[in-house]
Each structure stands twice: as structure tokens, then as C-alpha cells.
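As C-alpha cells, the structure follows; a few thoughts come after it.
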Amino acid sequence: MLNIALIGAGRIGHVHAKTIAAHPQATLALVCDPFGDAAEKLASQYGTRSCKDAEDVFADPEVDAVVIGSPTPLHIPHLLAAAKAGKAVLCEKPIALDMKDVVAAQTELDAITTPVMFGFNRRFDPSFAAVRSAVNEGRIGDLEQLTIISRDPAAPPVEYIKVSGGIFRDMTIHDFDTARFFLGDIVEVHAVGQNLDPAIKETGDYDAAVVTLRATSGAVATIINNRHCASGYDQRLEASGRGGALFAENVRATTVRLSNAEVTDAQEPYLDFFLERYADAYRIELSAFIEAVEADTPTPTTIDDAVEALRLAEAATKAART
């Protein structure tokens with residue numbers, strides 16, 4: 001049984017708290033958040049302890065591991081402090097908002113010996129993972145093209161976007177990791193940003209984008225992002241090779257389809273947002289983390305994966321503005 005502390009009681013903190021509390025091999029031992037009574041309220045839902053100072057987490061001898069869901073500028077400081085205290089770490093993406101912060105901490109990051117995993121949960125989505133397994137088994141021959149579609153049902157508040165680091169660091173970061181998961185090292189990045197929402201344009205960010213990536217193998221990935229989508233949370237993936245293609249489609253609450261005089265094969269809306277769509281992925285991700293910690297084996301995602309995803313996000317930002 002792994003005693004896990006959670007830093008951050010915001011939206012993503014609620015996701016992790018629910019996942020940890022429901023896991024048969026984990027205990028939600030402590031919830032930490034410095035703002036108001038957020039930590040206390042979240043902790044009370046699961047009958048556990050709370051605190052406001054992250055130092056209390058790192059000093060707690062009952063804590064084996066820490067899930068970091070704090071604001072992005074605190075990811076590296078919290079990660080380093082937890083590792084120095086001998087705690088295993090599962091950290092949310094991105095590792096930082098600026099590669100300069102990674103470079104400044106590189107020596108300390110390289111010296112970490114405790115398990116550190118990053119929350120690129122798309123890797124653990126059952127459908128996406130099945131596609132990758134089929135690719136690796138040679139079911140479609142050599143992978144030539146990968147298409148990743150990720151459209152949110154609605155944009156987050158403008159105040160959030162202002163501090164998010166931009167669409168490529170905040171939203172596309174998952175897709176950059178997915179592309180690397182399928183294709184390996186990326187050597188070329190092209191990006192076009194779109195300003196469809198005047199309010200988001202005023203923040204200096206884009207609310208939609210199309211990115212193309214070329215891997216060392218010559219395979220190409222196309223990423224399509226949008227902060228809004230009238231049909232809901234649109235999450236699809238297609239892998240194409242000379243010998244065939246694989247498709248991961250949107251997930252709905254049921255498989256029921258309606259056909260009548262007005263419609264043919266009408267289905268329910270897509271699952272509402274990432275909380276529902278990727279619930280299984282968060283659960284499997286946590287299981288993989290616990291397994292790596294308890295078995296003392298390498299974590300499925302690493303600091304290097306987080307750094308490379310951020311590097312691609314910065315390259316895409318530069319390309320979109322060129």
C-alpha cells in the first residue's frame with residue numbers, strides 16, 4: 001500500500017484525489033494547498049489530513065509518494081523537494097513554462113535517484129494504447145502518418161489562459177507526447193495558430209492550432225487542436241501505414257444508436273470532458289506509477305519525456321509566430 005500525498009486541490013487535484021482514493025493499492029494520506037480552505041475541503045471528502053505548506057508534505061514520514069498538481073511554475077521546485085526527501089513523484093504536465101527553468105535546474109534534475117513520472121495520461125488511454133500496440137506488432141506495416149485530433153467543448157476562462165503558458169504548452173503538450181510515444185524523436189516542427197475568439201486573442205494566445213511534426217524515421221504527425229467544439233470533447237487518433245490504418249474514435253456513455261424517419265445511426269454526445277473521457281487513463285496511469293515504485297522499475301514516462309514535450313511546445317510557439 002502506497003501512502004500518497006497530493007499537492008494542489010484545484011480541478012486536476014480533484015481528479016487525482018478521486019483516483020488515489022479509489023485505488024486498492026494506494027491511500028490518500030495528505031492533501032496540500034495554500035489557498036483558503038481548498039485542501040481541507042478536498043481532504044474531508046476522503047477522510048484524510050490536510051495542510052497548507054508543501055514543506056509539511058516533504059517532511060512527513062508517513063508519505064511515500066507525492067502527486068504534484070500545483071501551478072506549473074512550482075512543478076520543478078516541488079519535484080526537487082519531494083525527491084530530496086526521498087519521495088517518489090508523479091508530476092502533472094508541463095514540467096515548466098519555459099525551458100530556461102529546466103536548464104537552470106538541470107544539474108539537480110539529473111541527480112534525482114527516486115522514481116519520477118510525468119502525467120502524460122494519453123499514453124494510458126486504453127484505445128490509444130491498443131493502437132500503439134498494434135503499430136508495434138506490425139499490423140499496418142511501418143507507420144507513415146499519425147493524426148491526433150483534440151478539441152475541447154469550450155475554452156477555459158480567459159484568466160486561466162493568461163497564465164497557462166499558451167495553447168501549445170497547456171493543451172497540445174499531451175499531443176506532443178503522444179506523437180513521440182508513437183514516432184520517437186521529432187526533428188522538424190511546423191505550426192499555424194488561429195485566433196477565432198477575440199477574447200483569447202487579446203491574451204496573446206491562440207484558441208486553435210494545426211501542427212505538423214516529422215520524426216527521424218520520416219513519419220509525419222499532424223495535430224489538430226481547438227479550444228471549442230460544438231459537438232463536444234473530440235478526441236480521436238489515426239495511425240496509417242502502407243499495410244493499413246488504425247482508428248481510435250470518440251467515446252460515448254453507451255453504444256446505443258437511433259435510426260428513424262429523421263435520423264440514421266444517431267448516437268449520444270461524446271463524453272463531456274477530460275474528467276470523464278480519460279477517467280480510465282488516470283486510473284491506469286496511477287497503477288503504472290505504483291507498480292514502478294513498488295517494483296523499483298523504470299517509470300513509463302520520465303523527466304526526459306517532459307523536457308522533450310516542452311521543447312516541442314516552444315518550437316511550435318515560435319513556428320506559429322514566425
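Residue numbering restarts at 1 in every chain; chains get A, B, ... in the order shown in the C-alpha cells, and ligands count up from 1 in that same order.
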*Considering only C-alpha atoms, return as a ChimeraX atom specification whatever protein or nucleic-acid residues lie within 7 Å of segment 135-145 of chain A, sequence-local ones (same chain, fewer than 6 positions apart) excluded.*
/A:219-221,239-245
*Phe128 of chain A surroundings by only C-alpha atoms, 10 Å radius, close-in-sequence under 3 positions cut, as a list in words*: Arg122, Arg123, Phe124, Asp125, Val131, Arg132, Ser133, Ala134, Thr178, Phe182, Arg236, Leu237, Glu238, Ala239, Leu246, Phe247, Ala248, Glu249 and Ala281 of chain A
*Selected residue, from A:Ala320, A:Leu196, A:Ala306, A:Ala261, that lies nearest to Gly119 of chain A when counting only C-alpha atoms*: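 Closest to Gly119 of chain A, using only C-alpha atoms: A:Ala306.
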With 12 Å as the cut-off and only C-alpha atoms counted, what is the closest atom pair between each nearby residue of segment 144-218 of chain A and segment 98-114 of chain A? Distances in Å to one decimal, ordered by chain and number, as JSON lines.
```
{"residue": "A:Ser164", "atom": "CA", "partner": "A:Asp98", "partner_atom": "CA", "distance": 11.5}
{"residue": "A:Gly165", "atom": "CA", "partner": "A:Asp98", "partner_atom": "CA", "distance": 8.5}
{"residue": "A:Gly166", "atom": "CA", "partner": "A:Asp98", "partner_atom": "CA", "distance": 11.2}
{"residue": "A:Phe168", "atom": "CA", "partner": "A:Asp98", "partner_atom": "CA", "distance": 11.9}
{"residue": "A:Arg169", "atom": "CA", "partner": "A:Asp98", "partner_atom": "CA", "distance": 9.3}
```
Please produce a file of the residues just selected, as a PDB file, in the first residue's frame, where the atoms kept are N, CA and C atoms.
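Saved the output as out.pdb:
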```pdb
ATOM      1  N   SER A 164      -1.562  30.231 -18.478  1.00  0.00           N
ATOM      2  CA  SER A 164      -1.421  28.822 -18.856  1.00  0.00           C
ATOM      3  C   SER A 164      -0.136  28.506 -19.603  1.00  0.00           C
ATOM      4  N   GLY A 165       0.513  29.550 -20.130  1.00  0.00           N
ATOM      5  CA  GLY A 165       1.689  29.317 -20.955  1.00  0.00           C
ATOM      6  C   GLY A 165       1.366  29.213 -22.428  1.00  0.00           C
ATOM      7  N   GLY A 166       0.091  29.290 -22.763  1.00  0.00           N
ATOM      8  CA  GLY A 166      -0.302  29.232 -24.160  1.00  0.00           C
ATOM      9  C   GLY A 166      -0.787  27.856 -24.570  1.00  0.00           C
ATOM     10  N   PHE A 168       0.036  25.711 -26.812  1.00  0.00           N
ATOM     11  CA  PHE A 168       0.975  24.629 -27.094  1.00  0.00           C
ATOM     12  C   PHE A 168       1.537  24.001 -25.820  1.00  0.00           C
ATOM     13  N   ARG A 169       1.750  24.815 -24.784  1.00  0.00           N
ATOM     14  CA  ARG A 169       2.261  24.286 -23.509  1.00  0.00           C
ATOM     15  C   ARG A 169       1.145  23.677 -22.659  1.00  0.00           C
TER      16      ARG A 169
END
```
*Out of segment 87-210 of chain A, which residues get strand (DSSP E or B) from DSSP, as a list in words?*
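Result set for segment 87-210 of chain A (strand (DSSP E or B)): Ala88, Val89, Leu90, Cys91, Val116, Met117, Phe118, Leu143, Glu144, Gln145, Leu146, Thr147, Ile148, Ile149, Ser150, Arg151, Ile186, Val187, Glu188, Val189, His190, Ala191, Val192, Gly193, Gln194, Ala208, Ala209 and Val210 of chain A.
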*Mind the document's chain letters and residue numbers, and return as a PyMOL selection string the residues of segment 62-238 of chain A that DSSP labels alpha helix (DSSP H).*
chain A and resi 75-84+99-104+106-110+126-136+158-163+167-170+172-183+198-201
*asked:* Which residues are near Ser287 of chain A? Cut-off 12 Å, only C-alpha atoms, ignore same chain within fewer than 3 positions. Put them as a list in words.
replied: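 Near neighbours after the sequence-gap exclusion: Met1, Leu2, Thr19, Ile20, Ala22, His23, Pro24, Gln25, Ala26, Leu90, Met117, Asn121, Phe124, Asp280, Ala281, Tyr282, Arg283, Ile284, Ile290, Glu291, Ala292, Val293, Glu294, Ala295, Thr299 and Pro300 of chain A.
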Resulting file, chosen residues, N, CA and C atoms, as a PDB file, in the first residue's frame:
```
ATOM      1  N   MET A   1       0.848  -1.191   0.000  1.00  0.00           N
ATOM      2  CA  MET A   1       0.000   0.000   0.000  1.00  0.00           C
ATOM      3  C   MET A   1       0.888   1.246   0.000  1.00  0.00           C
ATOM      4  N   LEU A   2       0.685   2.124  -0.986  1.00  0.00           N
ATOM      5  CA  LEU A   2       1.493   3.333  -1.113  1.00  0.00           C
ATOM      6  C   LEU A   2       0.733   4.524  -0.530  1.00  0.00           C
ATOM      7  N   THR A  19      -8.976   9.463  -7.910  1.00  0.00           N
ATOM      8  CA  THR A  19      -8.289   8.288  -8.450  1.00  0.00           C
ATOM      9  C   THR A  19      -7.478   7.577  -7.374  1.00  0.00           C
ATOM     10  N   ILE A  20      -6.763   8.346  -6.560  1.00  0.00           N
ATOM     11  CA  ILE A  20      -5.949   7.759  -5.494  1.00  0.00           C
ATOM     12  C   ILE A  20      -6.839   7.058  -4.461  1.00  0.00           C
ATOM     13  N   ALA A  22      -9.684   5.772  -4.740  1.00  0.00           N
ATOM     14  CA  ALA A  22     -10.370   4.574  -5.246  1.00  0.00           C
ATOM     15  C   ALA A  22      -9.424   3.423  -5.550  1.00  0.00           C
ATOM     16  N   HIS A  23      -8.125   3.684  -5.505  1.00  0.00           N
ATOM     17  CA  HIS A  23      -7.165   2.648  -5.913  1.00  0.00           C
ATOM     18  C   HIS A  23      -6.902   1.667  -4.775  1.00  0.00           C
ATOM     19  N   PRO A  24      -6.976   0.369  -5.036  1.00  0.00           N
ATOM     20  CA  PRO A  24      -6.805  -0.628  -3.973  1.00  0.00           C
ATOM     21  C   PRO A  24      -5.393  -0.711  -3.406  1.00  0.00           C
ATOM     22  N   GLN A  25      -4.418  -0.137  -4.118  1.00  0.00           N
ATOM     23  CA  GLN A  25      -3.028  -0.199  -3.651  1.00  0.00           C
ATOM     24  C   GLN A  25      -2.507   1.149  -3.175  1.00  0.00           C
ATOM     25  N   ALA A  26      -3.411   2.105  -2.972  1.00  0.00           N
ATOM     26  CA  ALA A  26      -2.984   3.441  -2.559  1.00  0.00           C
ATOM     27  C   ALA A  26      -3.862   3.985  -1.447  1.00  0.00           C
ATOM     28  N   LEU A  90       4.827  11.720  -8.927  1.00  0.00           N
ATOM     29  CA  LEU A  90       4.028  11.741 -10.154  1.00  0.00           C
ATOM     30  C   LEU A  90       3.636  13.189 -10.355  1.00  0.00           C
ATOM     31  N   MET A 117       7.754  10.328 -12.360  1.00  0.00           N
ATOM     32  CA  MET A 117       6.927  10.050 -13.541  1.00  0.00           C
ATOM     33  C   MET A 117       6.107  11.300 -13.855  1.00  0.00           C
ATOM     34  N   ASN A 121      -1.152  11.295 -19.496  1.00  0.00           N
ATOM     35  CA  ASN A 121      -2.113  10.199 -19.341  1.00  0.00           C
ATOM     36  C   ASN A 121      -2.661   9.655 -20.648  1.00  0.00           C
ATOM     37  N   PHE A 124      -1.899   6.139 -21.524  1.00  0.00           N
ATOM     38  CA  PHE A 124      -2.551   5.065 -20.784  1.00  0.00           C
ATOM     39  C   PHE A 124      -4.022   4.887 -21.168  1.00  0.00           C
ATOM     40  N   ASP A 280     -10.383   6.334 -17.137  1.00  0.00           N
ATOM     41  CA  ASP A 280      -9.640   5.071 -17.171  1.00  0.00           C
ATOM     42  C   ASP A 280      -8.142   5.324 -17.304  1.00  0.00           C
ATOM     43  N   ALA A 281      -7.787   6.318 -18.103  1.00  0.00           N
ATOM     44  CA  ALA A 281      -6.368   6.621 -18.310  1.00  0.00           C
ATOM     45  C   ALA A 281      -5.712   7.073 -17.005  1.00  0.00           C
ATOM     46  N   TYR A 282      -6.412   7.907 -16.232  1.00  0.00           N
ATOM     47  CA  TYR A 282      -5.859   8.341 -14.942  1.00  0.00           C
ATOM     48  C   TYR A 282      -5.687   7.144 -14.009  1.00  0.00           C
ATOM     49  N   ARG A 283      -6.634   6.236 -14.007  1.00  0.00           N
ATOM     50  CA  ARG A 283      -6.557   5.062 -13.141  1.00  0.00           C
ATOM     51  C   ARG A 283      -5.386   4.161 -13.541  1.00  0.00           C
ATOM     52  N   ILE A 284      -5.240   3.913 -14.835  1.00  0.00           N
ATOM     53  CA  ILE A 284      -4.170   3.045 -15.319  1.00  0.00           C
ATOM     54  C   ILE A 284      -2.811   3.729 -15.118  1.00  0.00           C
ATOM     55  N   ILE A 290       2.423   3.255  -9.322  1.00  0.00           N
ATOM     56  CA  ILE A 290       2.555   2.443  -8.108  1.00  0.00           C
ATOM     57  C   ILE A 290       3.392   1.199  -8.382  1.00  0.00           C
ATOM     58  N   GLU A 291       3.140   0.556  -9.511  1.00  0.00           N
ATOM     59  CA  GLU A 291       3.892  -0.652  -9.868  1.00  0.00           C
ATOM     60  C   GLU A 291       5.378  -0.355  -9.998  1.00  0.00           C
ATOM     61  N   ALA A 292       5.718   0.775 -10.649  1.00  0.00           N
ATOM     62  CA  ALA A 292       7.124   1.137 -10.826  1.00  0.00           C
ATOM     63  C   ALA A 292       7.794   1.432  -9.486  1.00  0.00           C
ATOM     64  N   VAL A 293       7.083   2.120  -8.611  1.00  0.00           N
ATOM     65  CA  VAL A 293       7.637   2.462  -7.301  1.00  0.00           C
ATOM     66  C   VAL A 293       7.854   1.205  -6.460  1.00  0.00           C
ATOM     67  N   GLU A 294       6.838   0.357  -6.406  1.00  0.00           N
ATOM     68  CA  GLU A 294       6.926  -0.821  -5.543  1.00  0.00           C
ATOM     69  C   GLU A 294       7.887  -1.878  -6.088  1.00  0.00           C
ATOM     70  N   ALA A 295       8.001  -1.964  -7.400  1.00  0.00           N
ATOM     71  CA  ALA A 295       8.891  -2.967  -8.001  1.00  0.00           C
ATOM     72  C   ALA A 295      10.282  -2.411  -8.274  1.00  0.00           C
ATOM     73  N   THR A 299       9.947   4.173 -14.512  1.00  0.00           N
ATOM     74  CA  THR A 299       8.592   4.687 -14.722  1.00  0.00           C
ATOM     75  C   THR A 299       8.302   4.779 -16.222  1.00  0.00           C
ATOM     76  N   PRO A 300       7.042   4.618 -16.629  1.00  0.00           N
ATOM     77  CA  PRO A 300       6.698   4.639 -18.059  1.00  0.00           C
ATOM     78  C   PRO A 300       6.959   5.984 -18.735  1.00  0.00           C
TER      79      PRO A 300
END
```
*Leaving out Asp197 of chain A and any residue of its chain fewer than 6 positions from it, which residues lie within 10 Å of it when counting only C-alpha atoms, given as JSON, numbers by chain?*
{"A": [155, 205, 206, 207, 208, 227, 228]}
Next, write the just-selected residues to a file, as a compact mmCIF listing (two decimals), in the first residue's frame, keeping all heavy atoms as the atom set.
```
# COMPACT_ATOMS: atom_id res chain seq x y z
N ALA A 155 -13.72 26.77 -24.29
CA ALA A 155 -12.45 27.30 -23.81
C ALA A 155 -12.50 27.53 -22.30
O ALA A 155 -13.56 27.83 -21.74
CB ALA A 155 -12.13 28.61 -24.52
N ASP A 205 -2.70 34.68 -27.02
CA ASP A 205 -2.66 33.24 -27.28
C ASP A 205 -3.55 32.90 -28.47
O ASP A 205 -4.29 33.74 -28.98
CB ASP A 205 -3.13 32.48 -26.03
CG ASP A 205 -2.83 30.99 -26.10
OD1 ASP A 205 -2.00 30.59 -26.94
OD2 ASP A 205 -3.41 30.23 -25.30
N TYR A 206 -3.46 31.65 -28.90
CA TYR A 206 -4.34 31.12 -29.95
C TYR A 206 -5.40 30.24 -29.31
O TYR A 206 -5.19 29.67 -28.24
CB TYR A 206 -3.54 30.28 -30.94
CG TYR A 206 -2.37 30.99 -31.57
CD1 TYR A 206 -1.06 30.67 -31.21
CD2 TYR A 206 -2.56 31.98 -32.52
CE1 TYR A 206 0.03 31.32 -31.78
CE2 TYR A 206 -1.48 32.64 -33.10
CZ TYR A 206 -0.19 32.30 -32.73
OH TYR A 206 0.87 32.95 -33.30
N ASP A 207 -6.54 30.12 -29.96
CA ASP A 207 -7.54 29.19 -29.46
C ASP A 207 -7.72 27.98 -30.37
O ASP A 207 -8.54 27.11 -30.09
CB ASP A 207 -8.89 29.88 -29.20
CG ASP A 207 -9.40 30.66 -30.39
OD1 ASP A 207 -8.65 31.50 -30.93
OD2 ASP A 207 -10.56 30.47 -30.77
N ALA A 208 -6.95 27.91 -31.43
CA ALA A 208 -6.92 26.73 -32.29
C ALA A 208 -5.55 26.68 -32.97
O ALA A 208 -4.88 27.71 -33.11
CB ALA A 208 -8.04 26.78 -33.33
N ARG A 227 -9.92 25.05 -29.01
CA ARG A 227 -10.42 25.28 -27.65
C ARG A 227 -11.94 25.16 -27.57
O ARG A 227 -12.50 25.21 -26.47
CB ARG A 227 -10.01 26.68 -27.18
CG ARG A 227 -8.53 26.87 -26.92
CD ARG A 227 -8.12 26.29 -25.60
NE ARG A 227 -6.84 26.79 -25.11
CZ ARG A 227 -6.22 26.34 -24.04
NH1 ARG A 227 -6.75 25.35 -23.35
NH2 ARG A 227 -5.07 26.85 -23.66
N HIS A 228 -12.61 25.04 -28.70
CA HIS A 228 -14.06 24.88 -28.66
C HIS A 228 -14.51 23.92 -29.76
O HIS A 228 -13.89 23.84 -30.82
CB HIS A 228 -14.78 26.23 -28.79
CG HIS A 228 -14.41 26.98 -30.04
ND1 HIS A 228 -13.44 27.94 -30.06
CD2 HIS A 228 -14.89 26.91 -31.29
CE1 HIS A 228 -13.33 28.43 -31.27
NE2 HIS A 228 -14.20 27.82 -32.05
```
*atom CA of Arg11 of chain A to atom CA of Leu42 of chain A: how many Å, to one decimal?*
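Here the two named atoms are 10.7 Å from each other.
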Need the shell around Phe58 of chain A: protein/DNA/RNA residues with any atom at most 10 Å away, counting only C-alpha atoms. Skip same-chain ones fewer than 5 positions apart. Format as a PDB file with all heavy atoms, in the first residue's frame?
```
ATOM      1  N   ALA A   5       0.638  11.638  -0.978  1.00  0.00           N
ATOM      2  CA  ALA A   5       0.196  12.997  -0.683  1.00  0.00           C
ATOM      3  C   ALA A   5      -0.086  13.706  -1.995  1.00  0.00           C
ATOM      4  O   ALA A   5       0.576  13.447  -3.008  1.00  0.00           O
ATOM      5  CB  ALA A   5       1.261  13.758   0.105  1.00  0.00           C
ATOM      6  N   ASP A  53       1.134  24.084   3.767  1.00  0.00           N
ATOM      7  CA  ASP A  53       2.545  24.276   3.432  1.00  0.00           C
ATOM      8  C   ASP A  53       3.120  22.998   2.833  1.00  0.00           C
ATOM      9  O   ASP A  53       3.106  21.937   3.466  1.00  0.00           O
ATOM     10  CB  ASP A  53       3.320  24.662   4.691  1.00  0.00           C
ATOM     11  CG  ASP A  53       4.741  25.131   4.392  1.00  0.00           C
ATOM     12  OD1 ASP A  53       5.247  24.841   3.286  1.00  0.00           O
ATOM     13  OD2 ASP A  53       5.339  25.780   5.271  1.00  0.00           O
ATOM     14  N   VAL A  63       4.429   9.736   4.403  1.00  0.00           N
ATOM     15  CA  VAL A  63       4.202   9.909   2.969  1.00  0.00           C
ATOM     16  C   VAL A  63       5.287   9.197   2.172  1.00  0.00           C
ATOM     17  O   VAL A  63       6.475   9.468   2.332  1.00  0.00           O
ATOM     18  CB  VAL A  63       4.163  11.410   2.598  1.00  0.00           C
ATOM     19  CG1 VAL A  63       4.139  11.591   1.077  1.00  0.00           C
ATOM     20  CG2 VAL A  63       2.942  12.076   3.224  1.00  0.00           C
ATOM     21  N   ASP A  64       4.864   8.274   1.305  1.00  0.00           N
ATOM     22  CA  ASP A  64       5.796   7.536   0.442  1.00  0.00           C
ATOM     23  C   ASP A  64       5.993   8.213  -0.911  1.00  0.00           C
ATOM     24  O   ASP A  64       7.066   8.108  -1.508  1.00  0.00           O
ATOM     25  CB  ASP A  64       5.272   6.119   0.181  1.00  0.00           C
ATOM     26  CG  ASP A  64       5.014   5.342   1.447  1.00  0.00           C
ATOM     27  OD1 ASP A  64       5.873   5.358   2.339  1.00  0.00           O
ATOM     28  OD2 ASP A  64       3.931   4.727   1.548  1.00  0.00           O
ATOM     29  N   ALA A  65       4.935   8.845  -1.404  1.00  0.00           N
ATOM     30  CA  ALA A  65       4.962   9.405  -2.749  1.00  0.00           C
ATOM     31  C   ALA A  65       4.117  10.672  -2.798  1.00  0.00           C
ATOM     32  O   ALA A  65       3.235  10.875  -1.957  1.00  0.00           O
ATOM     33  CB  ALA A  65       4.436   8.393  -3.767  1.00  0.00           C
ATOM     34  N   VAL A  66       4.409  11.520  -3.785  1.00  0.00           N
ATOM     35  CA  VAL A  66       3.711  12.794  -3.917  1.00  0.00           C
ATOM     36  C   VAL A  66       3.192  12.951  -5.344  1.00  0.00           C
ATOM     37  O   VAL A  66       3.946  12.751  -6.309  1.00  0.00           O
ATOM     38  CB  VAL A  66       4.646  13.979  -3.588  1.00  0.00           C
ATOM     39  CG1 VAL A  66       3.890  15.304  -3.705  1.00  0.00           C
ATOM     40  CG2 VAL A  66       5.250  13.833  -2.200  1.00  0.00           C
ATOM     41  N   HIS A  78       8.752  21.825  -6.462  1.00  0.00           N
ATOM     42  CA  HIS A  78       8.089  20.777  -5.684  1.00  0.00           C
ATOM     43  C   HIS A  78       8.659  19.399  -6.011  1.00  0.00           C
ATOM     44  O   HIS A  78       8.840  18.563  -5.113  1.00  0.00           O
ATOM     45  CB  HIS A  78       6.587  20.808  -5.939  1.00  0.00           C
ATOM     46  CG  HIS A  78       5.886  21.912  -5.223  1.00  0.00           C
ATOM     47  ND1 HIS A  78       4.585  22.304  -5.515  1.00  0.00           N
ATOM     48  CD2 HIS A  78       6.286  22.717  -4.202  1.00  0.00           C
ATOM     49  CE1 HIS A  78       4.237  23.293  -4.713  1.00  0.00           C
ATOM     50  NE2 HIS A  78       5.253  23.564  -3.928  1.00  0.00           N
ATOM     51  N   ALA A  81      12.097  19.104  -4.297  1.00  0.00           N
ATOM     52  CA  ALA A  81      11.972  18.990  -2.842  1.00  0.00           C
ATOM     53  C   ALA A  81      11.471  17.611  -2.442  1.00  0.00           C
ATOM     54  O   ALA A  81      11.961  17.017  -1.466  1.00  0.00           O
ATOM     55  CB  ALA A  81      11.031  20.075  -2.305  1.00  0.00           C
ATOM     56  N   ALA A  82      10.500  17.092  -3.189  1.00  0.00           N
ATOM     57  CA  ALA A  82       9.969  15.764  -2.889  1.00  0.00           C
ATOM     58  C   ALA A  82      11.045  14.698  -3.099  1.00  0.00           C
ATOM     59  O   ALA A  82      11.216  13.796  -2.269  1.00  0.00           O
ATOM     60  CB  ALA A  82       8.760  15.474  -3.765  1.00  0.00           C
ATOM     61  N   ALA A  83      11.773  14.802  -4.194  1.00  0.00           N
ATOM     62  CA  ALA A  83      12.822  13.818  -4.491  1.00  0.00           C
ATOM     63  C   ALA A  83      13.931  13.860  -3.436  1.00  0.00           C
ATOM     64  O   ALA A  83      14.429  12.814  -3.006  1.00  0.00           O
ATOM     65  CB  ALA A  83      13.396  14.068  -5.876  1.00  0.00           C
ATOM     66  N   LYS A  84      14.315  15.054  -3.012  1.00  0.00           N
ATOM     67  CA  LYS A  84      15.357  15.180  -1.986  1.00  0.00           C
ATOM     68  C   LYS A  84      14.911  14.575  -0.661  1.00  0.00           C
ATOM     69  O   LYS A  84      15.727  14.110   0.136  1.00  0.00           O
ATOM     70  CB  LYS A  84      15.724  16.651  -1.802  1.00  0.00           C
ATOM     71  CG  LYS A  84      16.531  17.230  -2.948  1.00  0.00           C
ATOM     72  CD  LYS A  84      16.781  18.720  -2.774  1.00  0.00           C
ATOM     73  CE  LYS A  84      17.541  19.289  -3.965  1.00  0.00           C
ATOM     74  NZ  LYS A  84      17.734  20.760  -3.853  1.00  0.00           N
ATOM     75  N   ALA A  85      13.580  14.575  -0.430  1.00  0.00           N
ATOM     76  CA  ALA A  85      13.031  13.985   0.792  1.00  0.00           C
ATOM     77  C   ALA A  85      12.830  12.478   0.651  1.00  0.00           C
ATOM     78  O   ALA A  85      12.324  11.831   1.571  1.00  0.00           O
ATOM     79  CB  ALA A  85      11.708  14.664   1.139  1.00  0.00           C
ATOM     80  N   GLY A  86      13.204  11.941  -0.508  1.00  0.00           N
ATOM     81  CA  GLY A  86      13.092  10.506  -0.722  1.00  0.00           C
ATOM     82  C   GLY A  86      11.713  10.032  -1.138  1.00  0.00           C
ATOM     83  O   GLY A  86      11.412   8.832  -1.062  1.00  0.00           O
ATOM     84  N   LYS A  87      10.873  10.967  -1.593  1.00  0.00           N
ATOM     85  CA  LYS A  87       9.518  10.594  -2.014  1.00  0.00           C
ATOM     86  C   LYS A  87       9.499  10.327  -3.519  1.00  0.00           C
ATOM     87  O   LYS A  87      10.111  11.051  -4.305  1.00  0.00           O
ATOM     88  CB  LYS A  87       8.520  11.719  -1.715  1.00  0.00           C
ATOM     89  CG  LYS A  87       8.673  12.415  -0.368  1.00  0.00           C
ATOM     90  CD  LYS A  87       8.337  11.538   0.798  1.00  0.00           C
ATOM     91  CE  LYS A  87       8.319  12.358   2.094  1.00  0.00           C
ATOM     92  NZ  LYS A  87       8.140  11.504   3.287  1.00  0.00           N
TER      93      LYS A  87
END
```
*Expressed in Å to a single decimal, how great is the separation between atom CA of Ile12 of chain A and atom CA of Leu79 of chain A?*
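Separation of atom CA of Ile12 of chain A and atom CA of Leu79 of chain A: 16.7 Å.
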*Could you state the separation of atom CA of Gly69 of chain A and atom CA of Pro156 of chain A in Å, given to one decimal place?*
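A separation of 17.4 Å between them.
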If you take only C-alpha atoms and a cut-off of 12 Å, which residues of segment 95-155 of chain A touch segment 267-272 of chain A, and what are their nearest atom pairs and distances in Å to one decimal, in chain and number order, as CSV?
```
residue,atom,partner,partner_atom,distance
A:Arg151,CA,A:Tyr270,CA,11.4
A:Asp152,CA,A:Asp272,CA,9.2
A:Pro153,CA,A:Asp272,CA,7.5
A:Ala154,CA,A:Asp272,CA,10.3
```
Residue subset to file, keeping all heavy atoms, as an mmCIF file, in the first residue's frame:
```cif
data_model
loop_
_atom_site.group_PDB
_atom_site.id
_atom_site.type_symbol
_atom_site.label_atom_id
_atom_site.label_comp_id
_atom_site.auth_asym_id
_atom_site.auth_seq_id
_atom_site.Cartn_x
_atom_site.Cartn_y
_atom_site.Cartn_z
ATOM 1 N N ARG A 151 -10.102 18.448 -29.513
ATOM 2 C CA ARG A 151 -10.891 19.683 -29.457
ATOM 3 C C ARG A 151 -11.690 19.703 -28.153
ATOM 4 O O ARG A 151 -12.385 18.745 -27.840
ATOM 5 C CB ARG A 151 -11.847 19.773 -30.650
ATOM 6 C CG ARG A 151 -11.172 19.807 -32.017
ATOM 7 C CD ARG A 151 -12.206 20.001 -33.114
ATOM 8 N NE ARG A 151 -11.606 20.102 -34.436
ATOM 9 C CZ ARG A 151 -11.625 19.125 -35.357
ATOM 10 N NH1 ARG A 151 -12.228 17.970 -35.077
ATOM 11 N NH2 ARG A 151 -11.069 19.304 -36.543
ATOM 12 N N ASP A 152 -11.556 20.785 -27.412
ATOM 13 C CA ASP A 152 -12.310 20.925 -26.159
ATOM 14 C C ASP A 152 -13.740 21.377 -26.449
ATOM 15 O O ASP A 152 -13.983 22.057 -27.463
ATOM 16 C CB ASP A 152 -11.649 21.956 -25.245
ATOM 17 C CG ASP A 152 -10.343 21.456 -24.656
ATOM 18 O OD1 ASP A 152 -10.037 20.265 -24.819
ATOM 19 O OD2 ASP A 152 -9.630 22.270 -24.035
ATOM 20 N N PRO A 153 -14.677 21.047 -25.570
ATOM 21 C CA PRO A 153 -16.052 21.509 -25.785
ATOM 22 C C PRO A 153 -16.199 23.022 -25.658
ATOM 23 O O PRO A 153 -17.042 23.630 -26.305
ATOM 24 C CB PRO A 153 -16.853 20.776 -24.705
ATOM 25 C CG PRO A 153 -15.850 20.401 -23.678
ATOM 26 C CD PRO A 153 -14.569 20.162 -24.401
ATOM 27 N N ALA A 154 -15.368 23.636 -24.803
ATOM 28 C CA ALA A 154 -15.399 25.089 -24.614
ATOM 29 C C ALA A 154 -14.067 25.528 -24.036
ATOM 30 O O ALA A 154 -13.367 24.753 -23.371
ATOM 31 C CB ALA A 154 -16.540 25.493 -23.682
#
```
*Which is closer to Lys93 of chain A than all the others in A:Ala313, A:Ala319, A:Val211, A:Ala38, using only C-alpha atoms?*
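Of A:Ala313, A:Ala319, A:Val211, A:Ala38, the one nearest Lys93 of chain A is A:Ala313, counting only C-alpha atoms.
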*Which residue, A:Ala17, A:Val116, A:Ala230, A:Ile148, has the smallest gap to Leu80 of chain A when you use only C-alpha atoms?*
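Comparing A:Ala17, A:Val116, A:Ala230, A:Ile148 against Leu80 of chain A, the winner is A:Val116.
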